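Engineer: First, the structure itself, so that you have it in front of you.
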Amino acid sequence: MKRTLEEVTFLLSQSLALFCFLNLRLVIGQQQTFRVRPNDTEVLKGQTAILHCQIDNKQGQLQWVKNGFGLGFDRAIKGESRYTVIGNEALGENNLRVINTQLDDDAEFQCQVSPAIGDPHSALQAAAYLSILVPPQSPRIEFRGSSNTSLVEVAVSQSEINVTCIIPHGKPAAHIKWLRGGQQLTEESIQNFVDKTSDKLETARSILTIRPRKEFNQKIYTCQGTHSAIDSPITTSMKLSVKYAPETPDISGYKSGKAIKTGERLTLTCRSKGGNPTAYVEWFKNGDRVDSSHTRRETETVNVYSFRVDSSDNNAIYRCDAWNDVSEKRLTAAIKLTVHFGPMSVQILGPSHAKAGETIVLHCRTSNSNPRATISWTKDGKPLTDVIASPTYEADTRLGGWITLSNITVRLVGNDSETTYECKGENGKQRPTASKTLSVLYAPEKPVITGYATGTQIHTNTILTMRCTAHGGNPLAEVTWWKGSRQLTERDGIKCQTNTQIAKKYSQCQLERITKQGDNAVDFVCKANNTATPVPLQTVVTLSIQFPPKNVQIKSSPVVGKAGQKMTLTCTSASSNPAAEITWTRDDKPLTGRETRTVIGENSGLKTVSILDIYPSAADDKATYYCTAKNTAMNQAETIGHVISVKYKPVFVKVDSRKSVLEGDSVVINMTGQGNPKVSKYEWFRNGAKLVLGGPKRNKVVYFTAVGGVLNVTNVTRNDRGIYTVQAKNAEGASNTTFVIDVQYAATITHISPNQLVNPGGRAIFECRTDANPMVNNVIQWSTSIVGFNMNNAKKVKITNNNQGTSTLTVYIANRSTDMGYFTCKTQNKIGGPSTKRTALLVKFKPEADKNQLTKAASAERVTAKLSCLATGAPKVQFTWLKGKTAVNVTLSKYTTEVKELDLAKYESILHIHNVSKSDYDTYTCKMSNSEGQMPSVIDFDGQSKPDSPSNVKLVNFTHNAVTLSWQKGFDGGLPVTYNVRYTVVGDNSYTIVGSIKKSVFTFTGLSPGVNYELTVMAKNKQGESGYNSKPVFVTTKDGPPPFVDEVKGGDEAPLIIILSVCIVGLILLACNALLIVFFVRRRRRKLEKGTHDFDRFSILGFRPNIVHIKLATERLSVVLILGLVFIGLVIVIGIIALAISLMHCRNSTRIGDMVCDMVVIWYVSIRCILCSKQKKFKLKINKNKMAE
């Protein structure tokens, strides 16, 4: 047995060890591990990203961490609406989903699992980076500070240039490579940079260095960007323009040394190849540009110069220049032309006249020719050989070719007075000739002038004709006119003629001119000479010209005057012959100058100077002073006006010394001053104190504002009245002016005496004061509401007015029954409505209980009860409450009291009993007292009960089918009360009852006419009914409805038909009117649009009246008025139709007491009366008493 126990113990220990081992293995086998770790993820901005995290045997709590900040263990992450943990949590899926990814989501995220309970080392943590990809913006190329460059121009001489490609705002930065002509560049220098911004975006920047060469010209360079967020590369391109010089030009169209003839057309072509840009090509002849036109082609420039050859082209150098913007110098090519031509003319040089016995030499000269020309001479048609010298030749360096010269020597004898010599030049077919006639010379006679004698006075602008004649002479004399040292020509009115008859041989020149001021005292000389007179023969006349002054000038000293100080005006006339006389005027009134003198003027005339002294005032500013200079001999004058400027301190013109304005209105007061210089500052004062402008606001508006000399007072109040002063200042000083703002306002009562308490038979005095502007006569009036009180009883009443806004009312021998009550003071002037206040006259008497005082009160327990005590008395009634015979202690929380003044000398005291209990039910006494005596009033306070019957039931009104009753409420039993009313036909025991009436007045309707009714009232509450009042009201309804109702009921149909006919016709007329309005409005608008051009002519005069706008505004106003009338008419027609429909409804209605139908009947009868009165067919008689109902 012992052994068996040991075996059992051993087995149990082994089993326990095995159990612990198995449990340990189970725990180890279920340790939490990552099944799927989060991996780095890239996603486009705005798309959804999912970071995977899956846990096997999750035992701790899992959360995601963003940049070390835990997002919480809730799968719906709070505060991050875009973050959610998704997947089957039971299967260990804890994937983080981020929707609408933003740049803020670009961060490291960790999937963390807290350690299992009891195993602090089992925590899990794995990190992944979420990269937000942002596609970059479009690339752009920049060159030398210019963005989005599409063309880059560079000279081949430049060593290198840098071009930058920028691809902004990507994440990560875009990768950039360069292409030229579609081929990627590798040999050029390329530098790539990445610029980071604060919002995690990156800008890729690549700088390409280009060394310009000719072969790079017009190559396309492309910047290409690639990015992991876009499928295809993004590109931008530019064109490279490499500038280089053209080649040397080439000339075609002429072979050097080839002779060409004048008149032939020659075409020269200059061609320049290469260059970027292509060359400019110009032709030059002997260094002078002759043609700049050229044609540019893709690889060359051509200038074709075509011209007709002339003699100047012989030995001419034609040069072609080619260059472009990058050429260091012009490239040239040149040719020299050879041209053959004959002489075009010959010329004989030498004298045409000589004295007998003199020897002269004649020279013959050909024009240029190539080759040289020959010369031959003849005398009166016969060849000469013995007197001809050997020819000589000169090269024409300017026109080319050669000039041939030949001389002959001739000795004049007496019979050689008229001999003709001829010279001929020859070169091939060209044979030009020239001739010269020689004659013997002798002097003419002294010239003679006719048409004017020195000393004769003539006016300016007079036609003067003078002739100068020189007789004889060989050759005939050349006659000329001179004004002083200047020779006159045909433009000056010279006409010359000769007479070659031997007996009357002479030369004559006529001078015809309009005399001018400049001709005065000037010598006019006639000269005659020929080759035989070593000194011209001459005759002189001196003109005497009268002329008026051309202008007048006025100068003032000082230029700008000052008021009251001396100012000198100096008037100077222009030169005049004889001297001008000067007069002064202002406003057509003559003025006397201080001094007048003359001085030498132009054209030997005299200037007149006159000095006028004035002492200007402010009124003289801008005044015009006129100076008139008159030449009395010619009766001609010149006048000039001079506007003077006078500085003066400000003055006020047309000042309104008093400005009346209604209170509440706004007023604008223009006190603008005039001054020179202009007024620079205005200051405003009221009653001597400086006025604050733009200060406090009144009704949200600044009520004192000023613009210059204009004062604007907004929302004027009576406080704004007073004497105002405006001060205007300028540089000359300051001026003041005053005005009064008279604020007129409605009368208001400012004081009325309080209620007057007097002894019976005593005297009461009341005073009423008013504030008004204007203060009219009898501005205050007294009245009273006391029935039967006569305000005109001189023995009883005295009213005194002082016309200064104060009135006194005296009441003598005051009596309670006839004089106690309210007196009203009323004040009114011509502005606004009346203002009233009242006061009261109280005659002393001891308290009296009110006739409506209830002697019972009731209330439930545990509520607050209210006991009311009504009293009249004067002076004021005092109340004391007693419970039984003991005074109520109102200081306890059990009771509260209040006193109300209900009316004049009428008071109510209310005793509130809180938390009513049975012990509070008792008899209460209200003790009323004043200085005149006292009186008690007893109130029985008990529990709630049924109400008392209403009392004082009265008949208020009755008609043929309705009766109105009123009654006085009785004791309500401490509960809310409603009323039942009943009526019956007298003699009938059946009643019609109307219940649950809350008011103390009721109207029975639906009664029969001419019937005697009995009416009673009953009160009820929750405790029961009071029973109907013991004294019924008896009333007999009227026999029938008013007469005009019968007319409506039984009248003929004619007025109704007339009304309906008027409605139909009215509708038709309104429709036609509307159509006519539309037609005329459109027609007038078209006329306005068509006629606006007529107003354009006003712009010629310097203004353009806004007539079209005025007409359009008038048109709109007319349309609005007409449409308004149409609308009113339409409303009237609709009203009549509604009236007709209502009449037809009311004709069939039996509810004559219906208010709507009654109003319809009244309106219908009124319209019918108007219609029928014109036809004299309808007469309506209405009983005054029935109409009053």
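Chain labels run A, B, ... following the order of the structure tokens; each chain numbers its residues from 1, and ligands are numbered from 1 in the order shown.
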Please identify all polymer residues within 7 Å of Thr437 of chain A, counting only C-alpha atoms, omitting same-chain residues fewer than 6 positions from it, and present them as a PyMOL selection string.
Structural biologist: chain A and resi 352+418-421
Engineer: Any idea what the distance is between atom CA of Cys468 of chain A and atom CA of Pro534 of chain A?
Structural biologist: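 If I compute the distance from atom CA of Cys468 of chain A to atom CA of Pro534 of chain A, I get 19.9 Å.
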Engineer: Could you name the residues that touch Arg37 of chain A at 12 Å or less, counting only C-alpha atoms, but leaving out those on the same chain fewer than 5 positions away, as a list in words?
Structural biologist: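 Once the adjacent positions are removed, what remains is Leu51, His52, Cys53, Gln54, Ile55, Asp56, Gly92, Glu93, Asn94, Asn95, Leu96, Phe109, Gln110, Cys111, Gln112, Leu124, Gln125, Ala126, Ala127 and Ala128 of chain A.
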Engineer: Determine the nearest neighbour of Lys562 of chain A from the options A:Ala173, A:Ala731, A:Ala689, A:Ile220, counting only C-alpha atoms.
Structural biologist: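 Residue with the minimum atom-to-atom distance to Lys562 of chain A: A:Ala731.
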Engineer: What gap, in Å, lies between atom CA of Cys926 of chain A and atom CA of Ala865 of chain A?
Structural biologist: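 Interatomic distance, atom CA of Cys926 of chain A to atom CA of Ala865 of chain A: 15.3 Å.
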Engineer: Neighbouring residues of Phe789 of chain A were defined as those with any atom within 8 Å, considering only C-alpha atoms; residues of the same chain fewer than 3 positions away were excluded. Please report them as a VMD selection string.
Structural biologist: chain A and resid 784 786 818 to 819
Engineer: Using the selection just defined, write its residues with all heavy atoms as an mmCIF file, in the first residue's frame.
Structural biologist:
data_model
loop_
_atom_site.group_PDB
_atom_site.id
_atom_site.type_symbol
_atom_site.label_atom_id
_atom_site.label_comp_id
_atom_site.auth_asym_id
_atom_site.auth_seq_id
_atom_site.Cartn_x
_atom_site.Cartn_y
_atom_site.Cartn_z
ATOM 1 N N THR A 784 -59.375 120.342 -20.972
ATOM 2 C CA THR A 784 -59.582 119.381 -19.883
ATOM 3 C C THR A 784 -60.503 118.278 -20.348
ATOM 4 O O THR A 784 -61.298 118.449 -21.293
ATOM 5 C CB THR A 784 -60.195 120.067 -18.660
ATOM 6 O OG1 THR A 784 -60.343 119.109 -17.611
ATOM 7 C CG2 THR A 784 -61.566 120.651 -18.979
ATOM 8 N N ILE A 786 -62.458 116.834 -18.104
ATOM 9 C CA ILE A 786 -63.510 116.806 -17.082
ATOM 10 C C ILE A 786 -64.835 117.144 -17.742
ATOM 11 O O ILE A 786 -64.976 118.205 -18.381
ATOM 12 C CB ILE A 786 -63.205 117.801 -15.949
ATOM 13 C CG1 ILE A 786 -61.837 117.487 -15.308
ATOM 14 C CG2 ILE A 786 -64.307 117.781 -14.909
ATOM 15 C CD1 ILE A 786 -61.390 118.521 -14.316
ATOM 16 N N THR A 818 -66.838 118.566 -9.539
ATOM 17 C CA THR A 818 -66.872 119.247 -10.843
ATOM 18 C C THR A 818 -65.498 119.614 -11.394
ATOM 19 O O THR A 818 -65.354 119.836 -12.592
ATOM 20 C CB THR A 818 -67.706 120.537 -10.728
ATOM 21 O OG1 THR A 818 -67.096 121.397 -9.743
ATOM 22 C CG2 THR A 818 -69.127 120.234 -10.347
ATOM 23 N N ASP A 819 -64.489 119.667 -10.526
ATOM 24 C CA ASP A 819 -63.201 120.217 -10.980
ATOM 25 C C ASP A 819 -62.055 119.221 -10.935
ATOM 26 O O ASP A 819 -60.977 119.494 -11.467
ATOM 27 C CB ASP A 819 -62.820 121.438 -10.128
ATOM 28 C CG ASP A 819 -63.889 122.509 -10.163
ATOM 29 O OD1 ASP A 819 -64.663 122.525 -11.144
ATOM 30 O OD2 ASP A 819 -63.942 123.311 -9.225
#
Engineer: Point out the residue among A:Lys1038, A:Lys876, A:Arg769, A:Lys1020 with the least atom-to-atom distance to Ile752 of chain A, counting only C-alpha atoms.
Structural biologist: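 Between A:Lys1038, A:Lys876, A:Arg769, A:Lys1020, the residue approaching Ile752 of chain A most closely is A:Arg769.
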Engineer: Give me, please, the distance in Å between atom CA of Asn286 of chain A and atom CA of Thr262 of chain A, quoted to one decimal.
Structural biologist: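 Between atom CA of Asn286 of chain A and atom CA of Thr262 of chain A the gap works out to 17.8 Å.
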Engineer: Any idea what's packed within 7 Å of segment 199-215 of chain A, counting only C-alpha atoms, ignoring anything in its chain fewer than 2 positions away? Could you give it as number ranges by chain?
Structural biologist: A: 156, 158-174, 176, 188-197, 217, 242
Engineer: Taking the DSSP assignment computed from this structure's backbone, write out as a ChimeraX atom specification all residues of segment 802-863 of chain A that belong to alpha helix (DSSP H).
Structural biologist: /A:816-819
Engineer: Pull the strand (DSSP E or B) assignments for segment 713-761 of chain A out of DSSP run on the backbone, and list those residues as a PyMOL selection string.
Structural biologist: chain A and resi 713+722-730+733-752+756-758
Engineer: Store the residues of this selection in a file with N, CA, C and O atoms, as a short mmCIF file (atom, residue, chain, number, x, y, z; two decimals), in the first residue's frame.
Structural biologist:
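Saved the output as selection.cif:
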data_model
loop_
_atom_site.label_atom_id
_atom_site.label_comp_id
_atom_site.auth_asym_id
_atom_site.auth_seq_id
_atom_site.Cartn_x
_atom_site.Cartn_y
_atom_site.Cartn_z
N VAL A 713 -24.33 121.37 -42.88
CA VAL A 713 -24.81 120.95 -41.57
C VAL A 713 -25.89 119.90 -41.81
O VAL A 713 -26.91 120.18 -42.43
N GLY A 722 -27.45 129.89 -33.95
CA GLY A 722 -26.51 130.85 -33.37
C GLY A 722 -25.90 131.71 -34.45
O GLY A 722 -26.27 131.68 -35.63
N ILE A 723 -24.93 132.51 -34.02
CA ILE A 723 -24.22 133.41 -34.92
C ILE A 723 -22.93 132.71 -35.36
O ILE A 723 -22.11 132.33 -34.53
N TYR A 724 -22.79 132.54 -36.65
CA TYR A 724 -21.63 131.85 -37.22
C TYR A 724 -20.73 132.88 -37.89
O TYR A 724 -21.21 133.87 -38.47
N THR A 725 -19.46 132.62 -37.78
CA THR A 725 -18.46 133.48 -38.41
C THR A 725 -17.56 132.60 -39.26
O THR A 725 -17.11 131.54 -38.80
N VAL A 726 -17.33 133.02 -40.50
CA VAL A 726 -16.38 132.34 -41.36
C VAL A 726 -15.23 133.30 -41.62
O VAL A 726 -15.43 134.48 -41.89
N GLN A 727 -14.04 132.78 -41.47
CA GLN A 727 -12.84 133.57 -41.71
C GLN A 727 -12.10 132.96 -42.90
O GLN A 727 -11.80 131.76 -42.90
N ALA A 728 -11.85 133.78 -43.93
CA ALA A 728 -11.13 133.34 -45.12
C ALA A 728 -9.75 133.98 -45.12
O ALA A 728 -9.62 135.18 -44.84
N LYS A 729 -8.74 133.18 -45.44
CA LYS A 729 -7.36 133.67 -45.42
C LYS A 729 -6.69 133.39 -46.74
O LYS A 729 -6.95 132.37 -47.39
N ASN A 730 -5.84 134.31 -47.13
CA ASN A 730 -4.87 134.05 -48.20
C ASN A 730 -3.58 134.79 -47.84
O ASN A 730 -3.44 135.31 -46.71
N GLY A 733 -3.98 138.38 -46.37
CA GLY A 733 -4.61 138.67 -45.09
C GLY A 733 -5.84 137.82 -44.89
O GLY A 733 -6.06 136.81 -45.57
N ALA A 734 -6.66 138.23 -43.93
CA ALA A 734 -7.86 137.47 -43.57
C ALA A 734 -9.05 138.42 -43.50
O ALA A 734 -8.92 139.60 -43.17
N SER A 735 -10.25 137.86 -43.80
CA SER A 735 -11.49 138.62 -43.72
C SER A 735 -12.55 137.75 -43.06
O SER A 735 -12.54 136.52 -43.20
N ASN A 736 -13.43 138.41 -42.34
CA ASN A 736 -14.51 137.70 -41.63
C ASN A 736 -15.86 138.18 -42.13
O ASN A 736 -16.01 139.32 -42.58
N THR A 737 -16.83 137.30 -42.04
CA THR A 737 -18.23 137.68 -42.23
C THR A 737 -19.08 136.78 -41.35
O THR A 737 -18.67 135.66 -41.04
N THR A 738 -20.21 137.28 -40.94
CA THR A 738 -21.07 136.52 -40.03
C THR A 738 -22.43 136.28 -40.66
O THR A 738 -22.85 137.02 -41.56
N PHE A 739 -23.06 135.25 -40.20
CA PHE A 739 -24.42 134.93 -40.62
C PHE A 739 -25.09 134.18 -39.47
O PHE A 739 -24.42 133.66 -38.57
N VAL A 740 -26.38 134.14 -39.51
CA VAL A 740 -27.17 133.51 -38.45
C VAL A 740 -27.87 132.30 -39.03
O VAL A 740 -28.49 132.37 -40.09
N ILE A 741 -27.75 131.18 -38.33
CA ILE A 741 -28.54 129.99 -38.66
C ILE A 741 -29.73 129.98 -37.71
O ILE A 741 -29.58 129.84 -36.50
N ASP A 742 -30.89 130.17 -38.29
CA ASP A 742 -32.14 130.19 -37.52
C ASP A 742 -32.80 128.83 -37.68
O ASP A 742 -33.34 128.51 -38.74
N VAL A 743 -32.69 127.99 -36.65
CA VAL A 743 -33.25 126.63 -36.69
C VAL A 743 -34.70 126.70 -36.22
O VAL A 743 -34.98 127.06 -35.07
N GLN A 744 -35.60 126.40 -37.10
CA GLN A 744 -37.01 126.39 -36.77
C GLN A 744 -37.45 124.97 -36.44
O GLN A 744 -37.09 124.03 -37.16
N TYR A 745 -38.20 124.83 -35.38
CA TYR A 745 -38.58 123.49 -34.93
C TYR A 745 -39.95 123.55 -34.30
O TYR A 745 -40.46 124.61 -33.90
N ALA A 746 -40.55 122.40 -34.23
CA ALA A 746 -41.90 122.29 -33.71
C ALA A 746 -41.90 122.59 -32.21
O ALA A 746 -40.91 122.37 -31.50
N ALA A 747 -43.01 123.07 -31.76
CA ALA A 747 -43.16 123.41 -30.35
C ALA A 747 -43.19 122.14 -29.51
O ALA A 747 -43.84 121.15 -29.86
N THR A 748 -42.48 122.16 -28.39
CA THR A 748 -42.49 121.05 -27.43
C THR A 748 -42.62 121.64 -26.03
O THR A 748 -42.11 122.73 -25.73
N ILE A 749 -43.30 120.89 -25.19
CA ILE A 749 -43.49 121.33 -23.81
C ILE A 749 -42.25 120.97 -23.01
O ILE A 749 -41.85 119.81 -22.96
N THR A 750 -41.66 121.96 -22.41
CA THR A 750 -40.46 121.73 -21.61
C THR A 750 -40.77 121.58 -20.12
O THR A 750 -39.96 121.02 -19.38
N HIS A 751 -41.91 122.10 -19.71
CA HIS A 751 -42.25 122.00 -18.27
C HIS A 751 -43.76 122.15 -18.11
O HIS A 751 -44.40 122.94 -18.81
N ILE A 752 -44.31 121.35 -17.23
CA ILE A 752 -45.70 121.52 -16.82
C ILE A 752 -45.76 121.25 -15.32
O ILE A 752 -45.04 120.37 -14.79
N GLN A 756 -51.73 119.13 -8.79
CA GLN A 756 -51.97 120.07 -7.69
C GLN A 756 -53.03 119.49 -6.74
O GLN A 756 -54.13 119.10 -7.17
N LEU A 757 -52.69 119.42 -5.45
CA LEU A 757 -53.60 118.93 -4.41
C LEU A 757 -54.04 120.16 -3.58
O LEU A 757 -53.21 120.82 -2.95
N VAL A 758 -55.36 120.44 -3.61
CA VAL A 758 -55.86 121.64 -2.92
C VAL A 758 -57.04 121.23 -2.03
O VAL A 758 -57.66 120.17 -2.20
#
Engineer: Find, counting only C-alpha atoms, the residue in A:Asn315, A:Asn802, A:Gln1023, A:Ser122 that gets nearest to Met775 of chain A.
Structural biologist: A:Asn802
Engineer: Do you know which residues are at most 12 Å from Gly805 of chain A counting only C-alpha atoms, after dropping those on the same chain fewer than 2 positions away, and could you put them as a PyMOL selection string?
Structural biologist: chain A and resi 747-752+767-781+800-803+807-808+825-829
